[in-house]
Structure formats: structure tokens, C-alpha cells
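Trainee: The structure file my_file30.pdb (PDB, C-alpha atoms) is provided below.
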```pdb
ATOM      1  CA  MET A  15      11.937 -12.122  53.042  1.00  0.00           C
ATOM      2  CA  PRO A  16      14.016 -14.436  50.787  1.00  0.00           C
ATOM      3  CA  ARG A  17      11.117 -14.508  48.302  1.00  0.00           C
ATOM      4  CA  VAL A  18      11.073 -10.717  48.029  1.00  0.00           C
ATOM      5  CA  LEU A  19      14.844 -10.646  47.490  1.00  0.00           C
ATOM      6  CA  LEU A  20      14.556 -13.310  44.792  1.00  0.00           C
ATOM      7  CA  ILE A  21      11.820 -11.364  42.971  1.00  0.00           C
ATOM      8  CA  LEU A  22      13.834  -8.132  43.295  1.00  0.00           C
ATOM      9  CA  ALA A  23      16.924  -9.898  41.884  1.00  0.00           C
ATOM     10  CA  LEU A  24      14.922 -11.190  38.917  1.00  0.00           C
ATOM     11  CA  VAL A  25      13.457  -7.728  38.203  1.00  0.00           C
ATOM     12  CA  LEU A  26      16.874  -6.064  38.417  1.00  0.00           C
ATOM     13  CA  THR A  27      18.424  -8.734  36.164  1.00  0.00           C
ATOM     14  CA  ALA A  28      15.657  -8.237  33.602  1.00  0.00           C
ATOM     15  CA  PHE A  29      16.184  -4.447  33.763  1.00  0.00           C
ATOM     16  CA  TRP A  30      19.937  -4.912  33.310  1.00  0.00           C
ATOM     17  CA  VAL A  31      19.479  -7.189  30.267  1.00  0.00           C
ATOM     18  CA  PHE A  32      16.903  -4.791  28.791  1.00  0.00           C
ATOM     19  CA  THR A  33      19.233  -1.793  29.080  1.00  0.00           C
ATOM     20  CA  ILE A  34      22.166  -3.728  27.572  1.00  0.00           C
ATOM     21  CA  VAL A  35      20.065  -4.772  24.586  1.00  0.00           C
ATOM     22  CA  ASP A  36      18.497  -1.317  24.232  1.00  0.00           C
ATOM     23  CA  CYS A  37      21.907   0.363  24.256  1.00  0.00           C
ATOM     24  CA  ALA A  38      23.303  -2.123  21.747  1.00  0.00           C
ATOM     25  CA  VAL A  39      20.485  -1.861  19.193  1.00  0.00           C
ATOM     26  CA  GLN A  40      20.116   1.925  19.201  1.00  0.00           C
ATOM     27  CA  PRO A  41      21.742   3.648  16.215  1.00  0.00           C
ATOM     28  CA  ALA A  42      24.854   5.698  16.987  1.00  0.00           C
ATOM     29  CA  ILE A  43      22.998   8.981  16.374  1.00  0.00           C
ATOM     30  CA  ARG A  44      20.660   8.188  19.289  1.00  0.00           C
ATOM     31  CA  HIS A  45      23.502   8.066  21.875  1.00  0.00           C
ATOM     32  CA  ARG A  46      24.232  11.197  23.876  1.00  0.00           C
ATOM     33  CA  GLY A  47      27.348  11.992  25.866  1.00  0.00           C
ATOM     34  CA  VAL A  48      29.855   9.294  24.973  1.00  0.00           C
ATOM     35  CA  SER A  49      30.149   6.782  22.147  1.00  0.00           C
ATOM     36  CA  LYS A  50      28.110   3.609  21.832  1.00  0.00           C
ATOM     37  CA  PRO A  51      30.843   1.164  23.016  1.00  0.00           C
ATOM     38  CA  VAL A  52      31.460   3.278  26.117  1.00  0.00           C
ATOM     39  CA  TRP A  53      27.747   3.274  26.964  1.00  0.00           C
ATOM     40  CA  ILE A  54      27.634  -0.509  26.598  1.00  0.00           C
ATOM     41  CA  LEU A  55      30.614  -0.820  28.980  1.00  0.00           C
ATOM     42  CA  ILE A  56      28.934   1.508  31.502  1.00  0.00           C
ATOM     43  CA  VAL A  57      25.687  -0.492  31.390  1.00  0.00           C
ATOM     44  CA  VAL A  58      27.491  -3.863  31.678  1.00  0.00           C
ATOM     45  CA  LEU A  59      29.937  -2.886  34.431  1.00  0.00           C
ATOM     46  CA  LEU A  60      27.409  -0.940  36.548  1.00  0.00           C
ATOM     47  CA  PRO A  61      24.325  -3.156  36.260  1.00  0.00           C
ATOM     48  CA  VAL A  62      21.536  -1.083  37.819  1.00  0.00           C
ATOM     49  CA  LEU A  63      23.206   2.316  38.003  1.00  0.00           C
ATOM     50  CA  GLY A  64      24.521   2.031  34.417  1.00  0.00           C
ATOM     51  CA  GLY A  65      21.035   1.158  33.158  1.00  0.00           C
ATOM     52  CA  ILE A  66      19.489   4.128  34.942  1.00  0.00           C
ATOM     53  CA  LEU A  67      22.212   6.432  33.568  1.00  0.00           C
ATOM     54  CA  TRP A  68      21.617   5.062  30.081  1.00  0.00           C
ATOM     55  CA  LEU A  69      17.865   5.695  30.222  1.00  0.00           C
ATOM     56  CA  VAL A  70      18.193   9.170  31.789  1.00  0.00           C
ATOM     57  CA  ILE A  71      21.295  10.603  30.103  1.00  0.00           C
ATOM     58  CA  GLY A  72      22.519   8.424  27.249  1.00  0.00           C
ATOM     59  CA  ARG A  73      19.370   7.656  25.320  1.00  0.00           C
ATOM     60  CA  SER A  74      18.036  10.568  23.299  1.00  0.00           C
ATOM     61  CA  ARG A  75      14.349  11.095  22.762  1.00  0.00           C
ATOM     62  CA  VAL A  76      12.692  10.151  19.459  1.00  0.00           C
ATOM     63  CA  SER A  77      11.559  13.724  18.814  1.00  0.00           C
ATOM     64  CA  ALA A  78      15.088  15.031  19.356  1.00  0.00           C
ATOM     65  CA  ALA A  79      16.515  12.492  16.938  1.00  0.00           C
ATOM     66  CA  SER A  80      14.100  13.287  14.134  1.00  0.00           C
ATOM     67  CA  VAL A  81      15.603  15.859  11.849  1.00  0.00           C
ATOM     68  CA  ARG A  82      13.204  18.111  10.000  1.00  0.00           C
ATOM     69  CA  ARG A  83      13.914  18.275   6.307  1.00  0.00           C
ATOM     70  CA  ALA A  84      12.392  20.116   3.404  1.00  0.00           C
ATOM     71  CA  PRO A  85      10.313  17.844   1.147  1.00  0.00           C
ATOM     72  CA  ASP A  86      12.812  18.077  -1.700  1.00  0.00           C
ATOM     73  CA  ASP A  87      15.564  16.781   0.651  1.00  0.00           C
ATOM     74  CA  ASP A  88      13.527  13.855   1.969  1.00  0.00           C
ATOM     75  CA  PRO A  89      14.259  10.672  -0.042  1.00  0.00           C
ATOM     76  CA  GLU A  90      11.035   9.007   1.146  1.00  0.00           C
ATOM     77  CA  PHE A  91       8.958  11.926  -0.140  1.00  0.00           C
ATOM     78  CA  LEU A  92      10.830  11.997  -3.450  1.00  0.00           C
ATOM     79  CA  GLY A  93      10.365   8.244  -3.895  1.00  0.00           C
ATOM     80  CA  ASN A  94       6.647   8.655  -3.244  1.00  0.00           C
ATOM     81  CA  ILE A  95       6.391  11.332  -5.946  1.00  0.00           C
ATOM     82  CA  ARG A  96       8.175   9.065  -8.398  1.00  0.00           C
ATOM     83  CA  ALA A  97       5.735   6.227  -7.646  1.00  0.00           C
ATOM     84  CA  VAL A  98       2.738   8.539  -8.185  1.00  0.00           C
ATOM     85  CA  SER A  99       4.101   9.794 -11.512  1.00  0.00           C
ATOM     86  CA  ASP A 100       4.732   6.176 -12.592  1.00  0.00           C
ATOM     87  CA  GLN A 101       1.126   5.332 -11.760  1.00  0.00           C
ATOM     88  CA  ASP A 102      -0.104   8.362 -13.708  1.00  0.00           C
ATOM     89  CA  GLU A 103       1.971   7.318 -16.726  1.00  0.00           C
ATOM     90  CA  ARG A 104       0.639   3.753 -16.535  1.00  0.00           C
ATOM     91  CA  ILE A 105      -2.959   5.023 -16.326  1.00  0.00           C
ATOM     92  CA  ARG A 106      -2.371   7.324 -19.310  1.00  0.00           C
ATOM     93  CA  ARG A 107      -1.005   4.428 -21.403  1.00  0.00           C
ATOM     94  CA  LEU A 108      -3.924   2.168 -20.460  1.00  0.00           C
ATOM     95  CA  GLU A 109      -6.419   4.883 -21.383  1.00  0.00           C
ATOM     96  CA  GLU A 110      -4.727   5.297 -24.776  1.00  0.00           C
ATOM     97  CA  GLU A 111      -4.879   1.530 -25.367  1.00  0.00           C
ATOM     98  CA  LEU A 112      -8.566   1.462 -24.421  1.00  0.00           C
ATOM     99  CA  ALA A 113      -9.275   4.372 -26.762  1.00  0.00           C
ATOM    100  CA  LEU A 114      -7.529   2.493 -29.598  1.00  0.00           C
ATOM    101  CA  LEU A 115      -9.527  -0.641 -28.839  1.00  0.00           C
ATOM    102  CA  ASP A 116     -12.773   1.345 -28.823  1.00  0.00           C
ATOM    103  CA  ALA A 117     -11.863   3.001 -32.122  1.00  0.00           C
ATOM    104  CA  GLU A 118     -11.169  -0.176 -34.066  1.00  0.00           C
ATOM    105  CA  ASP A 119     -14.044  -2.259 -35.414  1.00  0.00           C
ATOM    106  CA  ASP A 120     -14.211  -5.837 -34.080  1.00  0.00           C
ATOM    107  CA  ASP A 121     -15.716  -7.460 -37.166  1.00  0.00           C
ATOM    108  CA  PRO A 122     -16.247  -5.610 -40.439  1.00  0.00           C
ATOM    109  CA  ARG A 123     -19.247  -7.863 -41.326  1.00  0.00           C
ATOM    110  CA  TRP A 124     -21.154  -6.731 -38.217  1.00  0.00           C
ATOM    111  CA  THR A 125     -23.383  -3.711 -38.762  1.00  0.00           C
ATOM    112  CA  PRO A 126     -24.617  -1.802 -35.731  1.00  0.00           C
ATOM    113  CA  PRO A 127     -28.327  -0.846 -35.645  1.00  0.00           C
ATOM    114  CA  ALA A 128     -29.243   2.578 -36.968  1.00  0.00           C
ATOM    115  CA  ALA A 129     -28.836   5.319 -34.368  1.00  0.00           C
ATOM    116  CA  GLY A 130     -32.392   6.648 -34.662  1.00  0.00           C
ATOM    117  CA  ALA A 131     -34.113   3.276 -35.012  1.00  0.00           C
ATOM    118  CA  ALA A 132     -36.678   2.625 -32.296  1.00  0.00           C
ATOM    119  CA  PRO A 133     -37.903  -0.872 -31.386  1.00  0.00           C
ATOM    120  CA  ALA A 134     -40.916  -1.988 -33.375  1.00  0.00           C
ATOM    121  CA  GLU A 135     -44.245  -1.795 -31.572  1.00  0.00           C
ATOM    122  CA  SER A 136     -46.550  -4.798 -31.554  1.00  0.00           C
ATOM    123  CA  ALA A 137     -50.289  -4.724 -32.053  1.00  0.00           C
ATOM    124  CA  THR A 138     -50.830  -4.173 -28.306  1.00  0.00           C
ATOM    125  CA  GLY A 139     -48.876  -0.904 -28.412  1.00  0.00           C
ATOM    126  CA  THR A 140     -45.910  -2.084 -26.347  1.00  0.00           C
ATOM    127  CA  ALA A 141     -42.387  -2.149 -27.600  1.00  0.00           C
ATOM    128  CA  SER A 142     -41.032  -5.580 -28.435  1.00  0.00           C
ATOM    129  CA  PRO A 143     -37.529  -6.552 -27.336  1.00  0.00           C
ATOM    130  CA  PRO A 144     -34.835  -5.742 -29.879  1.00  0.00           C
ATOM    131  CA  GLU A 145     -33.705  -8.435 -32.260  1.00  0.00           C
ATOM    132  CA  PRO A 146     -30.446 -10.162 -31.366  1.00  0.00           C
ATOM    133  CA  LYS A 147     -27.380  -8.695 -33.004  1.00  0.00           C
ATOM    134  CA  THR A 148     -26.181 -10.521 -36.052  1.00  0.00           C
ATOM    135  CA  ARG A 149     -22.795 -10.880 -37.602  1.00  0.00           C
ATOM    136  CA  GLY A 150     -22.653 -12.003 -41.166  1.00  0.00           C
ATOM    137  CA  GLY A 151     -26.410 -12.576 -41.273  1.00  0.00           C
ATOM    138  CA  ALA A 152     -26.587 -15.231 -38.482  1.00  0.00           C
ATOM    139  CA  PRO A 153     -27.400 -14.522 -34.837  1.00  0.00           C
ATOM    140  CA  GLU A 154     -24.487 -15.000 -32.488  1.00  0.00           C
ATOM    141  CA  ALA A 155     -24.708 -18.241 -30.549  1.00  0.00           C
ATOM    142  CA  ASP A 156     -23.080 -16.932 -27.386  1.00  0.00           C
ATOM    143  CA  ASP A 157     -25.271 -13.820 -27.035  1.00  0.00           C
ATOM    144  CA  ASP A 158     -28.313 -13.810 -24.778  1.00  0.00           C
ATOM    145  CA  THR A 159     -31.574 -12.060 -25.710  1.00  0.00           C
ATOM    146  CA  ARG A 160     -30.242  -8.699 -24.521  1.00  0.00           C
ATOM    147  CA  GLY A 161     -27.178  -8.929 -26.767  1.00  0.00           C
ATOM    148  CA  GLN A 162     -24.720  -9.494 -23.952  1.00  0.00           C
ATOM    149  CA  ARG A 163     -21.849 -11.739 -24.921  1.00  0.00           C
ATOM    150  CA  GLY A 164     -21.210 -14.765 -22.806  1.00  0.00           C
ATOM    151  CA  ALA A 165     -24.097 -14.129 -20.422  1.00  0.00           C
ATOM    152  CA  ALA A 166     -25.859 -17.187 -19.133  1.00  0.00           C
ATOM    153  CA  GLY A 167     -29.503 -16.775 -20.066  1.00  0.00           C
TER     154      GLY A 167
END
```
Hey, can you dump this file as C-alpha cells for me?
Mentor:
Amino acid sequence: MPRVLLILALVLTAFWVFTIVDCAVQPAIRHRGVSKPVWILIVVLLPVLGGILWLVIGRSRVSAASVRRAPDDDPEFLGNIRAVSDQDERIRRLEEELALLDAEDDDPRWTPPAAGAAPAESATGTASPPEPKTRGGAPEADDDTRGQRGAAG
């Protein structure tokens, strides 16, 4: 019997501490009935009964506390729109920079192969691999046989 009473005392003490902490950390808009300090006094002065009253009467439900707002009144929604428009602007600027980089010629001495030029066929009738690209008349040292810069061959 003393063991059961000891366990019951521990459970009730834990419940009492839980309700005190829960009442103290809840925002003021989540308290129903009386103000937050009064609820804390009720829970502290009436250990088990105050905790039960707090959970049943004083603590409002999450769904009741959530206020429905129109999207244009919701700061979280408006901040999200601003972040999306900032991303769109950044993407647009990057695309413009890439277009400018594509438009400018890297090296004026380099001449691209003719658009309609096909690879020369050997005596066996198969196409030979294209010649490496040259800049200024000399093949580039860091190109592989396929003309890819910096590729390890």
C-alpha cells in the first residue's frame, strides 16, 4: 500500500509541475476565462484540481486560437511572395549574364568550323574524327581529342 501511495504522489506531482509549466508558457491569447497570472495562481494553490481546471477550462484549443486571415493580411504569405519574386529577379539577371557571355567571342583569333562542313571520309568510307580546334594556328594543349577543354583524356 505505501508503494502505491508513493507512485500516486509522484504522478500527481509530475502532473502539477506539468500544468504549472504549461500555463506559464502559453501565450496570453491562449488563456480563457481569467488572465494568465490568475491561472498560474489557481494551478499553484490548488495542485491537482487547479491543473484539471486549467486543462479543461483555461487552455484553449489550437484550432480555436488560429485566426483565419486573407492571404494579403498574412505576413508569412506576403514574405513568401517577396522571396519568390526575389528568386525570379535573380534568375532573370543570371540568364541575362549568360546570354551576354554567350554573345561575346572568347578569342578573336579562334575561327569556328564552317556550319555545313562534314567530317572528311577516309578510304574505307567511314568518317574520321574531327580535327582538334585550333586557336591562332596551334592546337590547344588542354583540349582532348573531342575538343573538350580540361577533360582528362
Trainee: So that I can see what lies close to Cys37 in chain A, please list as a PDB file with C-alpha atoms, keeping the file's coordinate frame the residues with an atom at most 12 Å from it, counting only C-alpha atoms and leaving out residues fewer than 5 positions away in the same chain.
Mentor:
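Listed below is the output, around30.pdb:
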```
ATOM      1  CA  TRP A  30      19.937  -4.912  33.310  1.00  0.00           C
ATOM      2  CA  VAL A  31      19.479  -7.189  30.267  1.00  0.00           C
ATOM      3  CA  PHE A  32      16.903  -4.791  28.791  1.00  0.00           C
ATOM      4  CA  ALA A  42      24.854   5.698  16.987  1.00  0.00           C
ATOM      5  CA  ILE A  43      22.998   8.981  16.374  1.00  0.00           C
ATOM      6  CA  ARG A  44      20.660   8.188  19.289  1.00  0.00           C
ATOM      7  CA  HIS A  45      23.502   8.066  21.875  1.00  0.00           C
ATOM      8  CA  ARG A  46      24.232  11.197  23.876  1.00  0.00           C
ATOM      9  CA  VAL A  48      29.855   9.294  24.973  1.00  0.00           C
ATOM     10  CA  SER A  49      30.149   6.782  22.147  1.00  0.00           C
ATOM     11  CA  LYS A  50      28.110   3.609  21.832  1.00  0.00           C
ATOM     12  CA  PRO A  51      30.843   1.164  23.016  1.00  0.00           C
ATOM     13  CA  VAL A  52      31.460   3.278  26.117  1.00  0.00           C
ATOM     14  CA  TRP A  53      27.747   3.274  26.964  1.00  0.00           C
ATOM     15  CA  ILE A  54      27.634  -0.509  26.598  1.00  0.00           C
ATOM     16  CA  LEU A  55      30.614  -0.820  28.980  1.00  0.00           C
ATOM     17  CA  ILE A  56      28.934   1.508  31.502  1.00  0.00           C
ATOM     18  CA  VAL A  57      25.687  -0.492  31.390  1.00  0.00           C
ATOM     19  CA  VAL A  58      27.491  -3.863  31.678  1.00  0.00           C
ATOM     20  CA  GLY A  64      24.521   2.031  34.417  1.00  0.00           C
ATOM     21  CA  GLY A  65      21.035   1.158  33.158  1.00  0.00           C
ATOM     22  CA  ILE A  66      19.489   4.128  34.942  1.00  0.00           C
ATOM     23  CA  LEU A  67      22.212   6.432  33.568  1.00  0.00           C
ATOM     24  CA  TRP A  68      21.617   5.062  30.081  1.00  0.00           C
ATOM     25  CA  LEU A  69      17.865   5.695  30.222  1.00  0.00           C
ATOM     26  CA  ILE A  71      21.295  10.603  30.103  1.00  0.00           C
ATOM     27  CA  GLY A  72      22.519   8.424  27.249  1.00  0.00           C
ATOM     28  CA  ARG A  73      19.370   7.656  25.320  1.00  0.00           C
ATOM     29  CA  SER A  74      18.036  10.568  23.299  1.00  0.00           C
TER      30      SER A  74
END
```
Trainee: Quick one, how far is CA of Leu112 in chain A from CA of Gly93 in chain A?
Mentor: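 Spanning CA of Leu112 in chain A to CA of Gly93 in chain A is a straight-line distance of 28.7 Å.
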Trainee: Tell me which of A:Val35, A:Leu26, A:Arg104, A:Asp88 sits closest to Leu63 in chain A, counting all atoms listed in the file.
Mentor: A:Leu26
Trainee: How many Å separate CA of Thr33 in chain A from CA of Met15 in chain A?
Mentor: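 Rounded to one decimal, the two atoms are 27.1 Å apart.
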Trainee: Using CA of Val25 in chain A and CA of Val62 in chain A as the two end points, give the distance in Å to one decimal.
Mentor: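 If I compute the distance from CA of Val25 in chain A to CA of Val62 in chain A, I get 10.5 Å.
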